[in-house]
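This is final29.pdb (PDB, C-alpha atoms and all ligand atoms).
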ATOM      1  CA  MET A  31     -22.531  -5.779   4.589  1.00  0.00           C
ATOM      2  CA  SER A  32     -19.610  -8.154   4.830  1.00  0.00           C
ATOM      3  CA  ILE A  33     -18.146  -9.476   8.085  1.00  0.00           C
ATOM      4  CA  HIS A  34     -15.725  -6.568   8.570  1.00  0.00           C
ATOM      5  CA  ILE A  35     -17.177  -3.846   6.322  1.00  0.00           C
ATOM      6  CA  GLY A  36     -20.518  -2.169   7.047  1.00  0.00           C
ATOM      7  CA  ALA A  37     -21.133  -0.720   3.556  1.00  0.00           C
ATOM      8  CA  LYS A  38     -24.234  -1.467   1.511  1.00  0.00           C
ATOM      9  CA  GLN A  39     -23.845  -2.771  -2.042  1.00  0.00           C
ATOM     10  CA  GLY A  40     -22.937   0.091  -4.395  1.00  0.00           C
ATOM     11  CA  GLU A  41     -21.439   2.312  -1.691  1.00  0.00           C
ATOM     12  CA  ILE A  42     -17.835   1.380  -2.532  1.00  0.00           C
ATOM     13  CA  ALA A  43     -16.254   2.520  -5.830  1.00  0.00           C
ATOM     14  CA  SER A  44     -14.473   0.070  -8.134  1.00  0.00           C
ATOM     15  CA  THR A  45     -11.131   1.685  -7.208  1.00  0.00           C
ATOM     16  CA  VAL A  46     -10.022   1.805  -3.560  1.00  0.00           C
ATOM     17  CA  LEU A  47      -6.974   3.607  -2.182  1.00  0.00           C
ATOM     18  CA  MET A  48      -5.676   1.886   0.948  1.00  0.00           C
ATOM     19  CA  PRO A  49      -3.500   3.722   3.460  1.00  0.00           C
ATOM     20  CA  GLY A  50      -2.566   1.617   6.495  1.00  0.00           C
ATOM     21  CA  ASP A  51      -3.998   4.182   8.903  1.00  0.00           C
ATOM     22  CA  PRO A  52      -7.788   4.764   8.818  1.00  0.00           C
ATOM     23  CA  LEU A  53      -7.258   8.378   9.921  1.00  0.00           C
ATOM     24  CA  ARG A  54      -5.151   8.858   6.802  1.00  0.00           C
ATOM     25  CA  ALA A  55      -8.127   7.574   4.800  1.00  0.00           C
ATOM     26  CA  LYS A  56     -10.281  10.205   6.515  1.00  0.00           C
ATOM     27  CA  HIS A  57      -7.686  12.891   5.786  1.00  0.00           C
ATOM     28  CA  ILE A  58      -7.529  11.982   2.075  1.00  0.00           C
ATOM     29  CA  ALA A  59     -11.347  11.945   1.890  1.00  0.00           C
ATOM     30  CA  GLU A  60     -11.637  15.342   3.587  1.00  0.00           C
ATOM     31  CA  THR A  61      -8.850  17.131   1.758  1.00  0.00           C
ATOM     32  CA  MET A  62      -8.681  15.526  -1.711  1.00  0.00           C
ATOM     33  CA  LEU A  63     -12.139  14.137  -2.535  1.00  0.00           C
ATOM     34  CA  GLU A  64     -15.402  15.949  -3.304  1.00  0.00           C
ATOM     35  CA  ASP A  65     -18.672  14.880  -1.627  1.00  0.00           C
ATOM     36  CA  ALA A  66     -16.981  12.129   0.427  1.00  0.00           C
ATOM     37  CA  VAL A  67     -19.384   9.878   2.340  1.00  0.00           C
ATOM     38  CA  CYS A  68     -18.268   7.459   5.074  1.00  0.00           C
ATOM     39  CA  PHE A  69     -19.209   3.844   4.301  1.00  0.00           C
ATOM     40  CA  ASN A  70     -17.479   2.009   7.130  1.00  0.00           C
ATOM     41  CA  GLU A  71     -16.805   2.473  10.815  1.00  0.00           C
ATOM     42  CA  VAL A  72     -16.608  -1.208  11.818  1.00  0.00           C
ATOM     43  CA  ARG A  73     -13.529  -1.665  14.065  1.00  0.00           C
ATOM     44  CA  GLY A  74     -12.651   1.971  13.379  1.00  0.00           C
ATOM     45  CA  MET A  75     -11.409   1.019   9.889  1.00  0.00           C
ATOM     46  CA  LEU A  76     -12.849   4.138   8.272  1.00  0.00           C
ATOM     47  CA  GLY A  77     -13.784   4.043   4.581  1.00  0.00           C
ATOM     48  CA  PHE A  78     -15.115   6.826   2.345  1.00  0.00           C
ATOM     49  CA  THR A  79     -16.369   7.189  -1.218  1.00  0.00           C
ATOM     50  CA  GLY A  80     -16.197  10.478  -3.103  1.00  0.00           C
ATOM     51  CA  HIS A  81     -15.009  12.004  -6.353  1.00  0.00           C
ATOM     52  CA  TYR A  82     -11.581  13.012  -7.574  1.00  0.00           C
ATOM     53  CA  GLU A  83     -12.138  15.167 -10.638  1.00  0.00           C
ATOM     54  CA  ASP A  84     -14.695  13.120 -12.590  1.00  0.00           C
ATOM     55  CA  LYS A  85     -13.712   9.751 -11.065  1.00  0.00           C
ATOM     56  CA  ARG A  86     -15.612   7.956  -8.310  1.00  0.00           C
ATOM     57  CA  VAL A  87     -13.023   6.675  -5.853  1.00  0.00           C
ATOM     58  CA  SER A  88     -13.035   5.088  -2.399  1.00  0.00           C
ATOM     59  CA  VAL A  89     -10.388   5.263   0.289  1.00  0.00           C
ATOM     60  CA  MET A  90     -10.235   2.900   3.250  1.00  0.00           C
ATOM     61  CA  GLY A  91      -7.661   1.916   5.868  1.00  0.00           C
ATOM     62  CA  SER A  92      -5.999  -1.495   5.487  1.00  0.00           C
ATOM     63  CA  GLY A  93      -4.553  -1.749   8.989  1.00  0.00           C
ATOM     64  CA  MET A  94      -0.966  -2.895   9.508  1.00  0.00           C
ATOM     65  CA  GLY A  95       0.412  -6.204   8.274  1.00  0.00           C
ATOM     66  CA  ILE A  96      -0.562  -8.792   5.679  1.00  0.00           C
ATOM     67  CA  PRO A  97      -3.220 -10.603   7.793  1.00  0.00           C
ATOM     68  CA  THR A  98      -5.273  -7.444   8.418  1.00  0.00           C
ATOM     69  CA  LEU A  99      -4.920  -6.071   4.896  1.00  0.00           C
ATOM     70  CA  SER A 100      -5.896  -9.495   3.511  1.00  0.00           C
ATOM     71  CA  ILE A 101      -9.225  -9.503   5.361  1.00  0.00           C
ATOM     72  CA  TYR A 102     -10.218  -6.165   3.828  1.00  0.00           C
ATOM     73  CA  VAL A 103      -8.939  -7.002   0.331  1.00  0.00           C
ATOM     74  CA  ASN A 104     -10.835 -10.315   0.341  1.00  0.00           C
ATOM     75  CA  GLU A 105     -14.085  -8.601   1.300  1.00  0.00           C
ATOM     76  CA  LEU A 106     -13.641  -5.551  -0.961  1.00  0.00           C
ATOM     77  CA  VAL A 107     -13.120  -7.762  -4.004  1.00  0.00           C
ATOM     78  CA  GLN A 108     -15.445 -10.643  -3.239  1.00  0.00           C
ATOM     79  CA  GLU A 109     -18.344  -8.754  -1.639  1.00  0.00           C
ATOM     80  CA  TYR A 110     -18.056  -5.285  -3.184  1.00  0.00           C
ATOM     81  CA  GLN A 111     -16.691  -6.038  -6.691  1.00  0.00           C
ATOM     82  CA  VAL A 112     -13.628  -3.798  -6.307  1.00  0.00           C
ATOM     83  CA  LYS A 113     -11.360  -3.985  -9.385  1.00  0.00           C
ATOM     84  CA  THR A 114      -8.382  -1.757  -8.546  1.00  0.00           C
ATOM     85  CA  LEU A 115      -6.523  -1.517  -5.215  1.00  0.00           C
ATOM     86  CA  ILE A 116      -3.837   1.086  -4.668  1.00  0.00           C
ATOM     87  CA  ARG A 117      -1.967   0.956  -1.382  1.00  0.00           C
ATOM     88  CA  VAL A 118      -0.543   4.298  -0.219  1.00  0.00           C
ATOM     89  CA  GLY A 119       1.878   3.716   2.624  1.00  0.00           C
ATOM     90  CA  THR A 120       5.229   4.318   4.198  1.00  0.00           C
ATOM     91  CA  CYS A 121       8.361   2.189   4.077  1.00  0.00           C
ATOM     92  CA  GLY A 122      11.870   1.969   5.517  1.00  0.00           C
ATOM     93  CA  ALA A 123      14.847   2.393   3.159  1.00  0.00           C
ATOM     94  CA  LEU A 124      17.269  -0.532   2.764  1.00  0.00           C
ATOM     95  CA  GLN A 125      19.550   1.163   0.206  1.00  0.00           C
ATOM     96  CA  PRO A 126      21.761   4.214   0.886  1.00  0.00           C
ATOM     97  CA  GLU A 127      20.588   6.237  -2.125  1.00  0.00           C
ATOM     98  CA  LEU A 128      16.981   6.312  -0.891  1.00  0.00           C
ATOM     99  CA  LYS A 129      16.150   9.468   1.038  1.00  0.00           C
ATOM    100  CA  ILE A 130      13.237  10.414   3.311  1.00  0.00           C
ATOM    101  CA  GLY A 131      10.284  11.447   1.160  1.00  0.00           C
ATOM    102  CA  ASP A 132      11.343   9.549  -1.993  1.00  0.00           C
ATOM    103  CA  ILE A 133       8.629   7.564  -3.771  1.00  0.00           C
ATOM    104  CA  VAL A 134       9.037   3.799  -4.248  1.00  0.00           C
ATOM    105  CA  LEU A 135       6.917   1.707  -6.616  1.00  0.00           C
ATOM    106  CA  PRO A 136       7.502  -1.959  -5.765  1.00  0.00           C
ATOM    107  CA  MET A 137       7.629  -4.140  -8.883  1.00  0.00           C
ATOM    108  CA  SER A 138       7.623  -7.254  -6.705  1.00  0.00           C
ATOM    109  CA  SER A 139       7.733  -8.144  -3.032  1.00  0.00           C
ATOM    110  CA  SER A 140       9.667 -10.817  -1.161  1.00  0.00           C
ATOM    111  CA  THR A 141       8.408 -11.666   2.307  1.00  0.00           C
ATOM    112  CA  ASN A 142       9.000 -13.622   5.508  1.00  0.00           C
ATOM    113  CA  SER A 143       5.238 -14.012   5.898  1.00  0.00           C
ATOM    114  CA  HIS A 144       4.160 -17.633   6.072  1.00  0.00           C
ATOM    115  CA  ILE A 145       0.868 -16.975   4.302  1.00  0.00           C
ATOM    116  CA  ASN A 146       2.123 -17.797   0.806  1.00  0.00           C
ATOM    117  CA  ARG A 147       4.040 -20.845   2.068  1.00  0.00           C
ATOM    118  CA  LEU A 148       0.725 -22.154   3.393  1.00  0.00           C
ATOM    119  CA  ARG A 149      -1.098 -21.236   0.212  1.00  0.00           C
ATOM    120  CA  PHE A 150       1.494 -22.746  -2.149  1.00  0.00           C
ATOM    121  CA  ARG A 151       2.278 -25.818   0.002  1.00  0.00           C
ATOM    122  CA  GLY A 152       5.837 -24.782   0.888  1.00  0.00           C
ATOM    123  CA  MET A 153       6.750 -23.424  -2.546  1.00  0.00           C
ATOM    124  CA  ASP A 154       7.553 -19.774  -3.284  1.00  0.00           C
ATOM    125  CA  TYR A 155       5.354 -17.346  -5.177  1.00  0.00           C
ATOM    126  CA  ALA A 156       6.614 -14.066  -6.687  1.00  0.00           C
ATOM    127  CA  PRO A 157       3.901 -11.423  -6.188  1.00  0.00           C
ATOM    128  CA  THR A 158       4.144  -8.613  -8.755  1.00  0.00           C
ATOM    129  CA  ALA A 159       2.541  -5.229  -9.393  1.00  0.00           C
ATOM    130  CA  ASN A 160       0.104  -4.498 -12.199  1.00  0.00           C
ATOM    131  CA  PHE A 161       2.338  -3.096 -14.947  1.00  0.00           C
ATOM    132  CA  PRO A 162      -0.029  -0.520 -16.529  1.00  0.00           C
ATOM    133  CA  LEU A 163      -0.662   1.002 -13.068  1.00  0.00           C
ATOM    134  CA  LEU A 164       3.047   0.912 -12.264  1.00  0.00           C
ATOM    135  CA  LEU A 165       3.973   2.646 -15.518  1.00  0.00           C
ATOM    136  CA  LYS A 166       1.309   5.326 -15.031  1.00  0.00           C
ATOM    137  CA  ALA A 167       2.437   5.929 -11.440  1.00  0.00           C
ATOM    138  CA  TYR A 168       6.069   6.217 -12.543  1.00  0.00           C
ATOM    139  CA  GLU A 169       5.210   8.773 -15.227  1.00  0.00           C
ATOM    140  CA  LYS A 170       2.963  10.749 -12.852  1.00  0.00           C
ATOM    141  CA  ALA A 171       5.606  10.762 -10.092  1.00  0.00           C
ATOM    142  CA  LYS A 172       8.190  12.107 -12.568  1.00  0.00           C
ATOM    143  CA  GLU A 173       5.725  14.736 -13.802  1.00  0.00           C
ATOM    144  CA  LEU A 174       5.161  15.887 -10.200  1.00  0.00           C
ATOM    145  CA  GLY A 175       8.920  16.202  -9.710  1.00  0.00           C
ATOM    146  CA  ALA A 176       9.233  13.331  -7.228  1.00  0.00           C
ATOM    147  CA  THR A 177      12.364  11.230  -6.844  1.00  0.00           C
ATOM    148  CA  VAL A 178      10.996   7.797  -7.699  1.00  0.00           C
ATOM    149  CA  TYR A 179      12.495   4.296  -7.515  1.00  0.00           C
ATOM    150  CA  VAL A 180      11.100   1.081  -9.001  1.00  0.00           C
ATOM    151  CA  GLY A 181      12.314  -2.340  -7.894  1.00  0.00           C
ATOM    152  CA  GLY A 182      11.974  -5.213  -5.469  1.00  0.00           C
ATOM    153  CA  MET A 183      11.084  -4.849  -1.802  1.00  0.00           C
ATOM    154  CA  PHE A 184      10.603  -6.915   1.328  1.00  0.00           C
ATOM    155  CA  ALA A 185       7.352  -7.295   3.288  1.00  0.00           C
ATOM    156  CA  SER A 186       7.994  -8.228   6.895  1.00  0.00           C
ATOM    157  CA  ASP A 187       5.636  -9.781   9.417  1.00  0.00           C
ATOM    158  CA  THR A 188       7.571  -8.054  12.198  1.00  0.00           C
ATOM    159  CA  PHE A 189       8.260  -4.383  12.813  1.00  0.00           C
ATOM    160  CA  TYR A 190      10.421  -5.056  15.878  1.00  0.00           C
ATOM    161  CA  ASN A 191      13.162  -7.652  15.379  1.00  0.00           C
ATOM    162  CA  ASP A 192      15.539  -9.331  17.839  1.00  0.00           C
ATOM    163  CA  ASP A 193      18.390  -9.163  15.324  1.00  0.00           C
ATOM    164  CA  PRO A 194      19.231  -5.531  14.442  1.00  0.00           C
ATOM    165  CA  ASP A 195      20.965  -6.676  11.230  1.00  0.00           C
ATOM    166  CA  TRP A 196      18.085  -8.825   9.931  1.00  0.00           C
ATOM    167  CA  TRP A 197      17.478  -6.566   6.908  1.00  0.00           C
ATOM    168  CA  LYS A 198      21.027  -6.742   5.518  1.00  0.00           C
ATOM    169  CA  LEU A 199      20.420 -10.027   3.675  1.00  0.00           C
ATOM    170  CA  TRP A 200      17.523  -8.465   1.771  1.00  0.00           C
ATOM    171  CA  ALA A 201      19.452  -5.271   1.124  1.00  0.00           C
ATOM    172  CA  ALA A 202      22.304  -7.383  -0.304  1.00  0.00           C
ATOM    173  CA  TYR A 203      19.863  -8.870  -2.814  1.00  0.00           C
ATOM    174  CA  GLY A 204      18.668  -5.431  -3.917  1.00  0.00           C
ATOM    175  CA  ALA A 205      15.421  -4.967  -1.967  1.00  0.00           C
ATOM    176  CA  LEU A 206      14.840  -1.215  -1.950  1.00  0.00           C
ATOM    177  CA  VAL A 207      12.600  -0.937   1.106  1.00  0.00           C
ATOM    178  CA  VAL A 208      10.720  -2.770   3.835  1.00  0.00           C
ATOM    179  CA  GLU A 209       7.075  -2.454   4.796  1.00  0.00           C
ATOM    180  CA  MET A 210       4.462  -4.966   5.951  1.00  0.00           C
ATOM    181  CA  GLU A 211       1.666  -5.329   3.374  1.00  0.00           C
ATOM    182  CA  THR A 212       2.577  -5.314  -0.320  1.00  0.00           C
ATOM    183  CA  SER A 213       3.333  -9.017  -0.773  1.00  0.00           C
ATOM    184  CA  GLY A 214      -0.169  -9.849   0.522  1.00  0.00           C
ATOM    185  CA  LEU A 215      -1.817  -7.210  -1.654  1.00  0.00           C
ATOM    186  CA  TYR A 216      -0.114  -8.320  -4.882  1.00  0.00           C
ATOM    187  CA  THR A 217      -0.804 -12.002  -4.194  1.00  0.00           C
ATOM    188  CA  LEU A 218      -4.525 -11.478  -3.576  1.00  0.00           C
ATOM    189  CA  ALA A 219      -4.824  -9.214  -6.629  1.00  0.00           C
ATOM    190  CA  ALA A 220      -3.371 -12.032  -8.755  1.00  0.00           C
ATOM    191  CA  LYS A 221      -5.710 -14.574  -7.179  1.00  0.00           C
ATOM    192  CA  PHE A 222      -8.807 -12.437  -7.804  1.00  0.00           C
ATOM    193  CA  LYS A 223      -7.633 -11.112 -11.205  1.00  0.00           C
ATOM    194  CA  VAL A 224      -7.848  -7.484 -10.154  1.00  0.00           C
ATOM    195  CA  ASP A 225      -5.230  -4.731 -10.481  1.00  0.00           C
ATOM    196  CA  ALA A 226      -3.002  -3.655  -7.610  1.00  0.00           C
ATOM    197  CA  LEU A 227      -0.099  -1.324  -6.962  1.00  0.00           C
ATOM    198  CA  SER A 228       1.642   0.010  -3.887  1.00  0.00           C
ATOM    199  CA  VAL A 229       2.735   3.639  -3.968  1.00  0.00           C
ATOM    200  CA  LEU A 230       5.134   4.074  -1.059  1.00  0.00           C
ATOM    201  CA  THR A 231       7.025   6.954   0.474  1.00  0.00           C
ATOM    202  CA  VAL A 232      10.220   6.509   2.479  1.00  0.00           C
ATOM    203  CA  SER A 233       9.495   7.434   6.106  1.00  0.00           C
ATOM    204  CA  ASP A 234      12.717   6.131   7.662  1.00  0.00           C
ATOM    205  CA  SER A 235      16.055   4.534   6.833  1.00  0.00           C
ATOM    206  CA  LEU A 236      17.350   1.334   8.407  1.00  0.00           C
ATOM    207  CA  ILE A 237      20.842   2.433   7.322  1.00  0.00           C
ATOM    208  CA  SER A 238      21.030   5.993   8.652  1.00  0.00           C
ATOM    209  CA  ARG A 239      18.274   5.525  11.310  1.00  0.00           C
ATOM    210  CA  GLU A 240      16.883   8.852  10.086  1.00  0.00           C
ATOM    211  CA  GLU A 241      13.103   9.363  10.430  1.00  0.00           C
ATOM    212  CA  ALA A 242      10.702  11.707   8.675  1.00  0.00           C
ATOM    213  CA  THR A 243       9.581  14.798  10.577  1.00  0.00           C
ATOM    214  CA  ALA A 244       5.832  15.406  10.918  1.00  0.00           C
ATOM    215  CA  GLN A 245       6.096  18.035   8.173  1.00  0.00           C
ATOM    216  CA  GLN A 246       7.969  15.683   5.798  1.00  0.00           C
ATOM    217  CA  ARG A 247       5.384  12.956   6.450  1.00  0.00           C
ATOM    218  CA  GLU A 248       2.534  15.309   5.608  1.00  0.00           C
ATOM    219  CA  ARG A 249       4.162  16.582   2.403  1.00  0.00           C
ATOM    220  CA  SER A 250       5.163  13.166   1.088  1.00  0.00           C
ATOM    221  CA  PHE A 251       1.841  11.625   2.070  1.00  0.00           C
ATOM    222  CA  THR A 252      -0.035  14.232   0.033  1.00  0.00           C
ATOM    223  CA  GLN A 253       2.238  13.646  -2.964  1.00  0.00           C
ATOM    224  CA  MET A 254       1.773   9.870  -2.745  1.00  0.00           C
ATOM    225  CA  ALA A 255      -2.023  10.193  -2.450  1.00  0.00           C
ATOM    226  CA  LYS A 256      -2.066  12.557  -5.437  1.00  0.00           C
ATOM    227  CA  ILE A 257      -0.151  10.043  -7.568  1.00  0.00           C
ATOM    228  CA  ALA A 258      -2.607   7.299  -6.539  1.00  0.00           C
ATOM    229  CA  LEU A 259      -5.669   9.451  -7.282  1.00  0.00           C
ATOM    230  CA  GLU A 260      -4.267  10.580 -10.633  1.00  0.00           C
ATOM    231  CA  ILE A 261      -3.637   7.004 -11.825  1.00  0.00           C
ATOM    232  CA  ALA A 262      -6.983   5.683 -10.527  1.00  0.00           C
ATOM    233  CA  PRO A 263      -8.985   4.410 -13.539  1.00  0.00           C
TER     234      PRO A 263
HETATM  235  N1  LIG B   1       9.746  -1.577   8.929  1.00  0.00           N
HETATM  236  C1  LIG B   1       8.566  -2.083   8.588  1.00  0.00           C
HETATM  237  N2  LIG B   1       7.602  -1.387   8.071  1.00  0.00           N
HETATM  238  C2  LIG B   1       7.814  -0.082   7.892  1.00  0.00           C
HETATM  239  C3  LIG B   1       9.012   0.523   8.222  1.00  0.00           C
HETATM  240  C4  LIG B   1      10.032  -0.277   8.752  1.00  0.00           C
HETATM  241  O1  LIG B   1      11.124   0.218   9.056  1.00  0.00           O
HETATM  242  N3  LIG B   1       8.916   1.837   7.936  1.00  0.00           N
HETATM  243  C5  LIG B   1       7.686   2.031   7.458  1.00  0.00           C
HETATM  244  N4  LIG B   1       7.009   0.877   7.414  1.00  0.00           N
END

What does this structure look like when you write it as structure tokens?
Ligand code: HPA
Amino acid sequence: MSIHIGAKQGEIASTVLMPGDPLRAKHIAETMLEDAVCFNEVRGMLGFTGHYEDKRVSVMGSGMGIPTLSIYVNELVQEYQVKTLIRVGTCGALQPELKIGDIVLPMSSSTNSHINRLRFRGMDYAPTANFPLLLKAYEKAKELGATVYVGGMFASDTFYNDDPDWWKLWAAYGALVVEMETSGLYTLAAKFKVDALSVLTVSDSLISREEATAQQRERSFTQMAKIALEIAP
């Protein structure tokens, strides 16, 4: 057991898929994995280990935001020897060509989070994806007929902002989407020398203010989880 994860040693696979929502983790375990067993209920952050085809894979919620995700990533890697982390989550589009349901594979992530400023004593760090995972995910997304974009993104510490135009600066510099975790995930993966990728689906647009319907969310979530499971080593 670690501080925030109740699993015994050996109960977590070396690859972990991480949706933000623990109920999404449960849904993936119940609908896409064989023989899934729950390994964590601490703080309701459900985690399961099962099989996808012949691969042993775990899936566990990360919570929302870099601080929460960082707690789980630290413990998964340091206490449970996890080697590959694949976030499956939603994001908001910052570019007009991105449509609801499109897949985005962030190559790198800018952020307004102060965590890396603290870590790097005021200097900037450029967190990047693991390239072999990124390439595999791109090829798999194409094979599945998804519309897929690869590029930079922005990880925000705030979902609700006082300034409605806050995102336009990042959009002007080419950030494809905004979410709240990837910069933290990629930084910790680099620190611990493990492999990480975010596989995102567009759930809303900051330009058109359009939002995914429940049906669109379900369909794109399944597609995103399938890509993640297919590329899992
Ligand atoms: N902002 C931040 N995170 C998000 C968004 C958003 O618009 N959509 C999905 N995750």

Can I get the residues of chain A within 8 Å of ligand LIG 1 (chain B), each with the closest pair of atoms and their distance in Å to one decimal, using all atoms listed in the file, sorted chain first then ascending number, as a tab-separated table?
residue	atom	partner	partner_atom	distance
A:Gly119	CA	B:LIG1	N4	7.6
A:Thr120	CA	B:LIG1	C5	4.7
A:Cys121	CA	B:LIG1	C5	3.5
A:Gly122	CA	B:LIG1	N3	3.8
A:Ala123	CA	B:LIG1	O1	7.3
A:Ala185	CA	B:LIG1	C1	7.5
A:Ser186	CA	B:LIG1	C1	6.4
A:Thr188	CA	B:LIG1	C1	7.0
A:Phe189	CA	B:LIG1	C1	4.8
A:Tyr190	CA	B:LIG1	N1	7.8
A:Val208	CA	B:LIG1	C1	5.3
A:Glu209	CA	B:LIG1	N2	3.5
A:Met210	CA	B:LIG1	N2	5.2
A:Val232	CA	B:LIG1	C5	7.2
A:Ser233	CA	B:LIG1	C5	5.9
A:Asp234	CA	B:LIG1	N3	5.7
A:Ser235	CA	B:LIG1	O1	6.9
A:Leu236	CA	B:LIG1	O1	6.4

One residue among A:Val207, A:Ala59, A:Ala202, A:Met137 is nearest to Ala156 of chain A when using all atoms listed in the file, and that residue is A:Met137

Can you tell me, as a PyMOL selection string, what residues are no more than 8 Å from segment 43-56 of chain A when counting all atoms listed in the file, ignoring any on the same chain fewer than 5 positions away? chain A and resi 74-79+86-94+111-119+258-259+262-263

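Residues matched by the PyMOL selection byres (((chain A and resi 242) around 9) and not hetatm) in this file are Ile130, Gly131, Val232, Ser233, Asp234, Glu240, Glu241, Thr243, Ala244, Gln245, Gln246 and Arg247 of chain A.
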
Determine, counting only C-alpha atoms, every residue of protein, DNA or RNA that lies within 12 Å of (-16.8, 16.1, 3.0) in the file coordinates, then give the result as a ChimeraX atom specification. /A:56-68,78-81

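For the residues A:Ile33, A:Ala201, A:Val72, A:Ile133, ranking by smallest atom-to-atom distance to Ser228 of chain A using all atoms listed in the file places A:Ile133 first.
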
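Counting all atoms listed in the file, the residue from A:Tyr82, A:Pro97, A:Glu109, A:Ala176 that sits nearest to Gly40 of chain A is A:Glu109.
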
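Atom CA of Gly95 of chain A lies 25.5 Å from atom CA of Ala171 of chain A.
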
Report as AutoDock Vina command-line options the centre and the edge lengths, in Å to one decimal, of the axis-aligned box holding every listed atom of segment 140-150 of chain A, padded by 6 Å on each side.
--center_x 4.3 --center_y -16.8 --center_z 2.0 --size_x 22.8 --size_y 23.9 --size_z 20.2

**OP:** Run through the PyMOL selection byres (((chain A and resi 165) around 12) and not hetatm) on the given coordinates and return the selected residues as a ChimeraX atom specification.
**Re:** /A:135-137,159-164,166-172,178-180,227,229,257,261

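Within 8 Å of segment 140-155 of chain A there are Ile96, Ser138, Pro157, Gly182, Met183, Phe184, Ala185, Ser186, Asp187 and Ser213 of chain A, counting only C-alpha atoms and ignoring same-chain residues fewer than 2 positions away.
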
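Atom to atom, atom CA of Asp225 of chain A and atom CA of Ser250 of chain A stand 23.7 Å apart.
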